[in-house]
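Enquirer: Enclosed is the structure file protein_2.txt (compact mmCIF, C-alpha atoms).
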```
# COMPACT_ATOMS: atom_id res chain seq x y z
CA MET A 740 133.25 130.65 132.90
CA GLU A 741 133.18 134.32 132.00
CA ASP A 742 136.06 133.71 129.60
CA ILE A 743 134.23 130.84 127.88
CA ILE A 744 131.08 132.94 127.52
CA ASN A 745 133.14 135.77 126.07
CA ALA A 746 135.16 133.53 123.78
CA PHE A 747 132.06 131.99 122.25
CA GLY A 748 130.10 135.24 122.29
CA ILE A 749 127.25 133.68 124.24
CA ASP A 750 124.39 136.09 124.74
CA GLN A 751 121.22 134.87 126.41
CA ARG A 752 119.12 137.31 124.38
CA LEU A 753 120.36 135.66 121.19
CA ILE A 754 119.53 132.24 122.62
CA ILE A 755 116.00 133.41 123.46
CA ILE A 756 115.60 134.93 119.99
CA GLN A 757 116.71 131.64 118.47
CA ILE A 758 114.21 129.68 120.60
CA VAL A 759 111.48 132.10 119.46
CA ASN A 760 112.65 131.58 115.85
CA PHE A 761 112.38 127.85 116.28
CA THR A 762 108.91 128.14 117.79
CA ILE A 763 107.72 130.31 114.89
CA LEU A 764 109.10 127.83 112.39
CA LEU A 765 107.60 124.90 114.31
CA VAL A 766 104.15 126.51 114.24
CA ALA A 767 104.44 127.55 110.58
CA LEU A 768 105.70 124.18 109.35
CA GLY A 769 103.13 122.39 111.51
CA TYR A 770 100.32 124.45 110.00
CA PHE A 771 101.48 124.56 106.38
CA LEU A 772 103.37 121.30 106.00
CA TYR A 773 103.09 118.56 108.63
CA ARG A 774 99.38 118.64 109.36
CA PRO A 775 98.13 118.87 105.73
CA ILE A 776 100.55 116.20 104.52
CA LEU A 777 99.89 113.78 107.39
CA LYS A 778 96.15 114.33 106.88
CA LEU A 779 96.53 113.67 103.15
CA LEU A 780 98.57 110.52 103.82
CA LYS A 781 95.97 109.26 106.30
CA GLU A 782 93.14 109.93 103.84
CA ARG A 783 95.06 108.15 101.09
CA GLU A 784 95.72 105.17 103.37
CA GLU A 785 92.01 104.99 104.23
CA LYS A 786 91.14 105.20 100.53
CA ILE A 787 93.58 102.38 99.71
CA VAL A 788 92.18 100.20 102.52
CA GLN A 789 88.64 100.91 101.26
CA GLY A 790 89.76 100.14 97.69
CA ILE A 791 91.26 96.80 98.72
CA LYS A 792 88.10 95.95 100.68
CA ASP A 793 85.94 96.87 97.67
CA SER A 794 88.04 94.81 95.29
CA GLU A 795 87.87 91.84 97.66
CA MET A 796 84.08 92.21 97.81
CA ALA A 797 83.93 92.45 94.02
CA ALA A 798 86.08 89.33 93.66
CA LEU A 799 83.78 87.51 96.11
CA ALA A 800 80.70 88.64 94.19
CA LEU A 801 82.32 87.53 90.94
CA ALA A 802 83.12 84.12 92.40
CA GLU A 803 79.53 83.81 93.63
CA ALA A 804 78.19 84.81 90.22
CA ASP A 805 80.51 82.25 88.62
CA SER A 806 79.33 79.42 90.82
CA GLU A 807 75.72 80.48 90.26
CA LYS A 808 76.38 80.47 86.52
CA GLN A 809 77.80 76.97 86.81
CA ILE A 810 74.73 75.80 88.71
CA VAL A 811 72.39 77.38 86.17
CA LEU A 812 74.37 75.91 83.29
CA SER A 813 74.45 72.41 84.72
CA SER A 814 70.73 72.46 85.53
CA ALA A 815 70.04 73.73 82.02
CA HIS A 816 72.16 70.90 80.64
CA GLU A 817 70.28 68.37 82.73
CA GLU A 818 66.94 69.79 81.66
CA ALA A 819 67.99 69.80 78.02
CA SER A 820 69.10 66.16 78.10
CA ALA A 821 65.86 65.20 79.91
CA ILE A 822 63.86 66.95 77.22
CA ALA A 823 65.88 65.24 74.51
CA LEU A 824 65.34 61.87 76.19
CA ARG A 825 61.62 62.49 76.47
CA ALA A 826 61.43 63.54 72.84
CA LYS A 827 63.29 60.41 71.76
CA GLU A 828 60.96 58.22 73.76
CA ALA A 829 57.95 60.00 72.38
CA ILE A 830 59.24 59.54 68.86
CA GLU A 831 59.88 55.86 69.44
CA VAL A 832 56.37 55.34 70.81
CA LYS A 833 54.86 57.22 67.92
CA THR A 834 56.91 55.32 65.35
CA ALA A 835 55.84 52.04 66.85
CA ASP A 836 52.22 53.18 66.74
CA ILE A 837 52.49 54.25 63.14
CA LEU A 838 54.19 51.01 62.21
CA ALA A 839 51.53 48.94 63.94
CA THR A 840 48.75 50.87 62.27
CA ALA A 841 50.45 50.53 58.94
CA GLN A 842 50.88 46.80 59.44
CA ASP A 843 47.26 46.43 60.43
CA LYS A 844 46.22 48.40 57.42
CA ALA A 845 48.43 46.33 55.17
CA LEU A 846 47.01 43.11 56.59
CA GLN A 847 43.53 44.48 56.12
CA VAL A 848 44.33 45.36 52.51
CA ILE A 849 45.73 41.89 51.89
CA LYS A 850 42.73 40.31 53.52
CA ASP A 851 40.40 42.44 51.48
CA ALA A 852 42.29 41.59 48.33
CA GLU A 853 42.14 37.89 49.10
CA LEU A 854 38.44 38.12 49.84
CA LYS A 855 37.84 39.98 46.66
CA SER A 856 39.85 37.48 44.62
CA GLU A 857 37.92 34.62 46.22
CA GLN A 858 34.69 36.33 45.38
CA LEU A 859 35.84 36.93 41.83
CA LYS A 860 36.90 33.32 41.57
CA LYS A 861 33.55 32.14 42.84
CA GLN A 862 31.80 34.56 40.52
CA ALA A 863 33.84 33.27 37.59
CA LEU A 864 33.07 29.71 38.47
CA ALA A 865 29.41 30.46 38.81
CA ASP A 866 29.47 32.35 35.59
CA SER A 867 31.30 29.58 33.78
CA GLU A 868 28.93 26.96 35.22
CA LYS A 869 26.01 29.03 34.03
CA GLU A 870 27.57 29.34 30.62
CA VAL A 871 28.38 25.64 30.45
CA ALA A 872 24.81 24.88 31.42
CA GLU A 873 23.50 27.27 28.81
CA LEU A 874 25.84 25.75 26.27
CA ALA A 875 24.71 22.30 27.27
CA ILE A 876 21.09 23.41 26.94
CA LEU A 877 21.80 24.94 23.59
CA ALA A 878 23.64 21.82 22.42
CA THR A 879 20.84 19.68 23.66
CA GLU A 880 18.32 21.90 21.93
CA LYS A 881 20.31 21.67 18.71
CA LEU A 882 20.60 17.94 18.92
CA LEU A 883 16.93 17.68 19.62
CA ARG A 884 16.11 19.95 16.71
CA GLU A 885 18.23 17.89 14.36
CA LYS A 886 16.68 14.75 15.50
CA VAL A 887 13.26 16.14 15.14
CA SER A 888 13.93 17.41 11.71
CA MET B 638 148.03 132.86 112.98
CA PHE B 639 144.72 131.76 114.50
CA SER B 640 142.90 134.17 116.67
CA LEU B 641 139.54 134.39 118.37
CA ILE B 642 138.46 137.68 116.90
CA ASN B 643 135.70 138.76 114.55
CA THR B 644 137.32 138.10 111.22
CA ALA B 645 136.07 135.90 108.46
CA TYR B 646 138.81 135.28 106.05
CA ALA B 647 142.50 135.30 105.31
CA GLU B 648 143.77 138.73 106.13
CA GLY B 649 147.23 140.11 105.71
CA GLY B 650 148.99 136.77 105.46
CA GLY B 651 147.18 135.11 108.37
CA ILE B 652 143.96 133.14 108.71
CA HIS B 653 141.57 134.44 111.31
CA VAL B 654 138.97 132.12 112.66
CA ALA B 655 136.26 133.58 114.83
CA LEU B 656 134.56 131.67 117.62
CA LYS B 657 132.29 134.64 118.25
CA PRO B 658 129.44 135.41 115.85
CA TYR B 659 129.83 138.47 113.62
CA ILE B 660 127.74 141.40 114.78
CA VAL B 661 126.26 143.11 111.74
CA GLY B 662 124.30 145.72 113.63
CA GLU B 663 122.21 146.42 116.67
CA PHE B 664 118.46 146.65 117.16
CA PHE B 665 117.25 148.19 120.43
CA GLY B 666 120.51 147.16 122.05
CA ILE B 667 120.18 143.57 120.86
CA PRO B 668 123.10 142.52 118.67
CA ILE B 669 122.03 141.34 115.22
CA THR B 670 124.55 138.71 114.18
CA ALA B 671 125.32 137.35 110.73
CA THR B 672 124.23 133.92 111.95
CA LEU B 673 120.89 135.36 113.11
CA LEU B 674 120.35 136.90 109.65
CA THR B 675 121.16 133.51 108.11
CA THR B 676 118.63 131.91 110.46
CA TRP B 677 115.96 134.40 109.39
CA LEU B 678 116.77 133.85 105.72
CA THR B 679 116.54 130.07 106.24
CA MET B 680 113.22 130.46 108.05
CA ALA B 681 111.88 132.60 105.19
CA ILE B 682 112.97 129.97 102.64
CA LEU B 683 111.39 127.14 104.64
CA ILE B 684 108.11 128.96 105.30
CA ALA B 685 107.85 130.00 101.64
CA LEU B 686 108.48 126.41 100.59
CA ALA B 687 105.89 125.10 103.06
CA ILE B 688 103.26 127.59 101.83
CA THR B 689 104.02 126.68 98.20
CA ILE B 690 103.61 122.97 98.94
CA ARG B 691 100.45 123.64 100.99
CA HIS B 692 98.85 125.47 98.04
CA GLN B 693 99.83 122.85 95.49
CA LEU B 694 98.72 119.93 97.64
CA SER B 695 96.68 117.43 95.62
CA ALA B 696 95.59 113.80 95.88
CA ILE B 697 97.92 112.93 93.00
CA PRO B 698 101.27 114.36 94.16
CA GLY B 699 103.86 116.21 92.10
CA LYS B 700 107.61 115.68 92.53
CA LEU B 701 108.07 118.15 95.39
CA GLN B 702 104.98 116.89 97.20
CA SER B 703 106.08 113.25 96.75
CA MET B 704 109.44 114.09 98.27
CA MET B 705 107.83 115.86 101.23
CA GLU B 706 105.30 113.04 101.66
CA MET B 707 108.12 110.49 101.72
CA LEU B 708 110.12 112.54 104.23
CA ILE B 709 107.24 113.45 106.54
CA GLY B 710 105.40 110.13 106.23
CA GLY B 711 108.64 108.16 106.61
CA VAL B 712 109.77 110.08 109.69
CA PHE B 713 106.30 109.80 111.24
CA ASP B 714 106.19 106.02 110.68
CA TYR B 715 109.72 105.65 112.03
CA MET B 716 108.82 107.70 115.12
CA SER B 717 105.69 105.60 115.64
CA ASP B 718 107.88 102.47 115.54
CA VAL B 719 110.52 103.85 117.91
CA LEU B 720 108.07 105.34 120.43
CA GLU B 721 105.71 102.35 119.95
CA SER B 722 102.75 104.71 119.90
CA ARG B 723 101.19 106.83 117.18
CA ILE B 724 99.82 109.24 119.81
CA MET B 725 103.32 109.83 121.24
CA ALA B 726 104.72 110.16 117.71
CA ARG B 727 102.09 112.79 116.87
CA LYS B 728 102.96 114.70 120.06
CA TYR B 729 106.71 114.96 119.42
CA PHE B 730 106.75 114.78 115.62
CA GLY B 731 106.70 118.56 115.14
CA VAL B 732 109.74 119.22 117.33
CA VAL B 733 111.87 116.35 115.97
CA MET B 734 110.98 117.05 112.34
CA THR B 735 111.51 120.80 112.69
CA ILE B 736 114.89 120.22 114.36
CA PHE B 737 115.90 118.04 111.40
CA ILE B 738 114.61 120.33 108.65
CA PHE B 739 115.82 123.52 110.34
CA VAL B 740 119.34 122.27 111.16
CA LEU B 741 119.69 120.65 107.72
CA THR B 742 118.63 123.81 105.88
CA LEU B 743 120.80 126.01 108.11
CA ASN B 744 123.81 123.81 107.37
CA TRP B 745 123.18 123.75 103.64
CA VAL B 746 122.39 127.45 103.38
CA GLY B 747 125.75 128.00 105.14
CA LEU B 748 127.48 126.38 102.15
CA LEU B 749 125.83 128.56 99.51
CA PRO B 750 128.07 130.94 97.61
CA GLY B 751 127.78 134.44 98.99
CA VAL B 752 127.39 133.29 102.57
CA THR B 753 130.53 134.45 104.45
CA SER B 754 131.78 136.33 101.37
CA ILE B 755 129.25 139.17 101.00
CA GLY B 756 129.55 141.82 103.63
CA TYR B 757 131.22 145.10 104.51
CA THR B 758 134.44 146.28 106.07
CA HIS B 759 134.26 147.96 109.44
CA GLU B 760 137.33 149.40 111.10
CA GLY B 761 139.55 147.25 108.94
CA HIS B 762 137.60 144.06 109.66
CA PHE B 763 135.41 142.30 107.16
CA ILE B 764 131.89 141.62 108.50
CA PRO B 765 129.79 139.21 106.41
CA PHE B 766 126.02 139.60 106.28
CA LEU B 767 125.46 135.85 106.29
CA TYR B 768 127.47 133.19 108.08
CA PRO B 769 126.87 129.42 108.68
CA ALA B 770 124.43 129.46 111.60
CA ALA B 771 125.73 126.42 113.44
CA THR B 772 129.12 128.10 113.89
CA ASP B 773 127.38 130.27 116.48
CA LEU B 774 127.15 128.57 119.87
CA ASN B 775 124.11 130.70 120.76
CA ILE B 776 122.17 128.94 118.02
CA THR B 777 123.33 125.41 118.79
CA LEU B 778 122.71 126.06 122.50
CA ALA B 779 119.18 127.18 121.66
CA PHE B 780 118.63 123.94 119.74
CA ALA B 781 120.10 121.95 122.63
CA LEU B 782 117.79 123.74 125.07
CA ILE B 783 114.76 123.00 122.88
CA ALA B 784 115.74 119.33 122.67
CA PHE B 785 116.46 119.22 126.41
CA ILE B 786 113.14 120.82 127.37
CA THR B 787 111.25 118.51 124.99
CA ILE B 788 112.97 115.43 126.44
CA GLU B 789 112.30 116.44 130.06
CA MET B 790 108.70 117.36 129.22
CA ALA B 791 108.24 113.96 127.59
CA GLY B 792 109.43 112.33 130.81
CA PHE B 793 107.19 114.40 133.07
CA VAL B 794 104.10 114.13 130.85
CA THR B 795 104.41 110.38 130.24
CA LEU B 796 105.49 109.18 133.70
CA GLY B 797 104.18 111.93 135.97
CA PHE B 798 106.29 114.37 138.00
CA PHE B 799 107.25 112.19 140.96
CA LYS B 800 107.92 109.02 139.00
CA TYR B 801 110.16 110.86 136.53
CA ALA B 802 111.93 112.85 139.29
CA GLY B 803 112.42 109.51 141.08
CA LYS B 804 114.70 108.45 138.24
CA PHE B 805 117.23 111.06 139.42
CA ILE B 806 116.55 111.52 143.11
CA ASN B 807 116.22 108.08 144.62
CA PHE B 808 116.72 107.32 148.33
CA SER B 809 115.75 103.62 148.19
CA SER B 810 119.42 102.57 148.51
CA PRO B 811 122.83 104.27 148.43
CA LEU B 812 123.55 102.67 145.05
CA ALA B 813 120.25 103.90 143.62
CA PHE B 814 121.07 107.38 144.94
CA ILE B 815 124.46 107.41 143.23
CA ILE B 816 123.03 106.04 139.96
CA GLY B 817 120.30 108.69 140.11
CA LEU B 818 122.94 111.37 140.57
CA ILE B 819 124.94 110.06 137.61
CA GLU B 820 121.73 110.00 135.54
CA LEU B 821 121.08 113.63 136.49
CA ILE B 822 124.58 114.68 135.48
CA SER B 823 124.40 112.80 132.19
CA GLU B 824 121.01 114.42 131.56
CA LEU B 825 122.50 117.88 132.03
CA ALA B 826 125.61 116.94 130.07
CA ARG B 827 123.37 116.45 127.05
CA LEU B 828 122.98 120.22 126.83
CA ILE B 829 126.71 120.48 126.29
CA SER B 830 127.07 117.43 124.04
CA PHE B 831 124.11 118.45 121.86
CA SER B 832 125.28 122.03 121.40
CA PHE B 833 129.00 121.37 121.01
CA ARG B 834 128.60 118.42 118.64
CA LEU B 835 126.73 120.50 116.08
CA PHE B 836 128.85 123.59 116.72
CA GLY B 837 132.11 121.63 116.56
CA ASN B 838 131.30 119.80 113.34
CA ILE B 839 130.06 122.79 111.38
CA PHE B 840 132.71 125.10 112.80
CA ALA B 841 135.45 122.61 111.94
CA GLY B 842 134.04 122.20 108.43
CA LYS B 843 133.91 125.94 107.93
CA THR B 844 137.44 126.37 109.27
CA LEU B 845 138.72 123.58 107.05
CA LEU B 846 137.14 125.24 104.02
CA VAL B 847 138.62 128.62 104.94
CA VAL B 848 142.08 127.10 105.38
CA ILE B 849 141.97 125.10 102.15
CA MET B 850 140.63 128.09 100.21
CA PHE B 851 143.48 130.20 101.54
CA PHE B 852 146.08 127.77 100.21
CA ILE B 853 144.41 126.30 97.10
CA PRO B 854 141.35 128.31 96.11
CA TYR B 855 140.40 126.33 92.95
CA VAL B 856 139.03 122.79 92.42
CA VAL B 857 140.42 121.30 95.66
CA PRO B 858 137.71 122.78 97.91
CA VAL B 859 134.97 121.14 95.75
CA PRO B 860 135.13 117.62 97.26
CA LEU B 861 135.43 119.23 100.68
CA ILE B 862 132.28 121.26 100.05
CA ALA B 863 130.55 118.04 98.93
CA PHE B 864 131.73 116.42 102.16
CA GLU B 865 130.37 119.38 104.14
CA VAL B 866 126.98 118.86 102.45
CA PHE B 867 127.09 115.32 103.79
CA VAL B 868 128.26 116.46 107.24
CA GLY B 869 125.42 119.00 107.30
CA PHE B 870 122.92 116.22 106.66
CA ILE B 871 124.49 113.84 109.18
CA GLN B 872 124.56 116.47 111.93
CA ALA B 873 120.89 117.36 111.36
CA PHE B 874 120.04 113.65 111.34
CA VAL B 875 122.05 112.94 114.51
CA PHE B 876 120.53 115.90 116.35
CA ALA B 877 116.97 114.84 115.47
CA ILE B 878 117.48 111.11 116.07
CA LEU B 879 119.17 111.68 119.45
CA THR B 880 116.28 113.90 120.49
CA LEU B 881 113.90 111.10 119.49
CA PHE B 882 115.84 108.40 121.36
CA PHE B 883 116.20 110.52 124.48
CA ILE B 884 112.44 111.17 124.38
CA LYS B 885 111.98 107.41 124.21
CA LEU B 886 114.37 106.90 127.13
CA ALA B 887 112.76 109.65 129.22
CA ALA B 888 109.29 108.18 128.62
CA ALA B 889 110.42 104.65 129.53
CA GLU B 890 109.35 103.22 132.90
CA PRO B 891 112.19 103.51 135.50
CA GLN B 892 113.92 100.19 136.21
CA HIS B 893 114.58 99.30 139.82
```
Could you render the structure from this file as structure tokens?
Expert:
Amino acid sequence: MEDIINAFGIDQRLIIIQIVNFTILLVALGYFLYRPILKLLKEREEKIVQGIKDSEMAALALAEADSEKQIVLSSAHEEASAIALRAKEAIEVKTADILATAQDKALQVIKDAELKSEQLKKQALADSEKEVAELAILATEKLLREKVS
Amino acid sequence: MFSLINTAYAEGGGIHVALKPYIVGEFFGIPITATLLTTWLTMAILIALAITIRHQLSAIPGKLQSMMEMLIGGVFDYMSDVLESRIMARKYFGVVMTIFIFVLTLNWVGLLPGVTSIGYTHEGHFIPFLYPAATDLNITLAFALIAFITIEMAGFVTLGFFKYAGKFINFSSPLAFIIGLIELISELARLISFSFRLFGNIFAGKTLLVVIMFFIPYVVPVPLIAFEVFVGFIQAFVFAILTLFFIKLAAAEPQH
């Protein structure tokens, strides 16, 4: 045993010094390297998880907004076509009204015209009768005058 | 040809390979070895790097920070998977990660030019200032002890003293007693396997490089150095991953 220790130059003080060296390095690396880097990695992991969660929420919100947009659009479409339908109906009713009124008016005008022409006819007849009578009277007067003379 | 004395390089026609660490000097009676200096240099590099990264830390990472984030985050996630608990992973992360980073950097620093070649001559022997740290059994033994203590602590903390001790000292049946004894021996054998695996690999690599440089100093050592870079990584990885798996085993409920 002594020979082995001598051959390899084993010295317990050197072993203890080396253990102390290791401990110093362990503490130094732990303080300057392991702890800050593991902390940084953990923080980054948390940030990534938070980022993914946020993006998922954003995607959800976007999908909600999209469906809402669809609902709003379709209701607007429905409303617009209802309005258009109503307008068409209103126009049709109004057109019919106008047409009816116009027809009435036209009939009235025709009626009036007929009445007026009838009246004019009657007037002309009366006038011509009066004239014929006057002419007859005048002719009679003339005949009488001739005969008298 | 080969001898177990404090020499670093080919000397006078022979290659000397030292099992003992080179003693550069003494400080209050404590020998200061070349491997210890290398360890301190490595620690300084690592701490400086850590402080630099700490000061440049930002939410949007640079290249260095990205690399560190991948390494630290990846190892932490892997440990959480293996230990099946983030709390357990947080508890043992520091030790496992430091073992990996420290052993890896020690192995790679050991391959830098200047390490093993810059030094002084003392009484006819060349003494380098820096030498691959894992070629010193004191250092690998220290790592093995740290891993061993961490593993045993994990067992005691997770299962409680008596339940964990019951894994090794079990009188419920003769078979259970023998199995417990074998478990105890294999537990203690880890100290040896941990320390000698790292020591053996790095020492062999270093020796191979010394031998090849003695015979063919140009070009040929390059692929070997590249291979040693790989070995350095694998050894650090194996050391750390075995520590992790033994922690997992120690913390597992005993099976009857």
Enquirer: Taking a cut-off of 6 Å and counting all atoms listed in the file, can you build a table that, for each residue of chain B near chain A, reports the nearest atom pair and how far apart they are in Å (one decimal), sorted by chain then residue number, as CSV?
Expert:
```
residue,atom,partner,partner_atom,distance
B:Leu656,CA,A:Phe747,CA,5.3
B:Lys657,CA,A:Gly748,CA,4.6
B:Ala687,CA,A:Leu772,CA,5.4
B:Ile688,CA,A:Phe771,CA,5.7
B:Arg691,CA,A:Phe771,CA,5.6
B:Thr735,CA,A:Leu765,CA,5.9
B:Asn775,CA,A:Ile754,CA,5.2
B:Ala779,CA,A:Ile754,CA,5.2
```
Enquirer: Would you write out those residues with C-alpha atoms, as a PDB file, in the frame of the given file?
Expert:
```pdb
ATOM      1  CA  LEU B 656     134.560 131.670 117.620  1.00  0.00           C
ATOM      2  CA  LYS B 657     132.290 134.640 118.250  1.00  0.00           C
ATOM      3  CA  ALA B 687     105.890 125.100 103.060  1.00  0.00           C
ATOM      4  CA  ILE B 688     103.260 127.590 101.830  1.00  0.00           C
ATOM      5  CA  ARG B 691     100.450 123.640 100.990  1.00  0.00           C
ATOM      6  CA  THR B 735     111.510 120.800 112.690  1.00  0.00           C
ATOM      7  CA  ASN B 775     124.110 130.700 120.760  1.00  0.00           C
ATOM      8  CA  ALA B 779     119.180 127.180 121.660  1.00  0.00           C
TER       9      ALA B 779
END
```
Enquirer: One number please: atom CA of Gly761 of chain B to atom CA of Leu674 of chain B, in Å, one decimal.
Expert: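 Separating atom CA of Gly761 of chain B from atom CA of Leu674 of chain B is a distance of 21.8 Å.
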Enquirer: Which residues are near segment 669-672 of chain B? Cut-off 8 Å, only C-alpha atoms, ignore same chain within fewer than 2 positions. Put them as number ranges by chain.
Expert: B: 658-664, 667, 674-676, 765-773
Enquirer: Draw an axis-aligned box tight on the listed atoms of segment 869-885 of chain A, then pad every side by 3 Å and write out centre and edge lengths in Å to one decimal as lines of an AutoDock Vina configuration file.
Expert:
```
center_x = 22.2
center_y = 23.5
center_z = 24.2
size_x = 18.3
size_y = 17.7
size_z = 25.7
```
Enquirer: I need the residue nearest Ala791 of chain B from this list: B:Tyr729, B:Phe870, B:Phe876, B:Trp677. Use all atoms listed in the file for the distance.
Expert: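 Using all atoms listed in the file, Ala791 of chain B sits closest to B:Tyr729.
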Enquirer: Which residue is closest to Leu782 of chain B? Choose from B:Arg827, B:His653, B:Lys843, B:Arg727 and count only C-alpha atoms.
Expert: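 Result for the nearest residue to Leu782 of chain B: B:Arg827.
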Enquirer: In Å, rounded to a single decimal, give me how far atom CA of Leu778 of chain B is from atom CA of Leu828 of chain B.
Expert: 7.3 Å
Enquirer: Around the point (111.4, 109.2, 123.4), in the coordinates given by the file, pick out the residues reaching within 10 Å, counting only C-alpha atoms, and return them as a VMD selection string.
Expert: chain B and resid 716 719 to 721 725 to 726 729 787 to 789 791 to 792 795 878 to 889
Enquirer: Take the point (117.1, 109.6, 135.4) in the file's coordinates, draw a sphere of radius 10 Å around it, and report as a list in words every protein, DNA or RNA residue with an atom inside or on it, counting all atoms listed in the file.
Expert: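 Counting all atoms listed in the file, I find these residues within 10 Å of (117.1, 109.6, 135.4): Glu789, Gly792, Lys800, Tyr801, Ala802, Gly803, Lys804, Phe805, Ile806, Asn807, Ile816, Gly817, Leu818, Ile819, Glu820, Leu821, Ile822, Ser823, Glu824, Leu886, Ala887, Pro891 and Gln892 of chain B.
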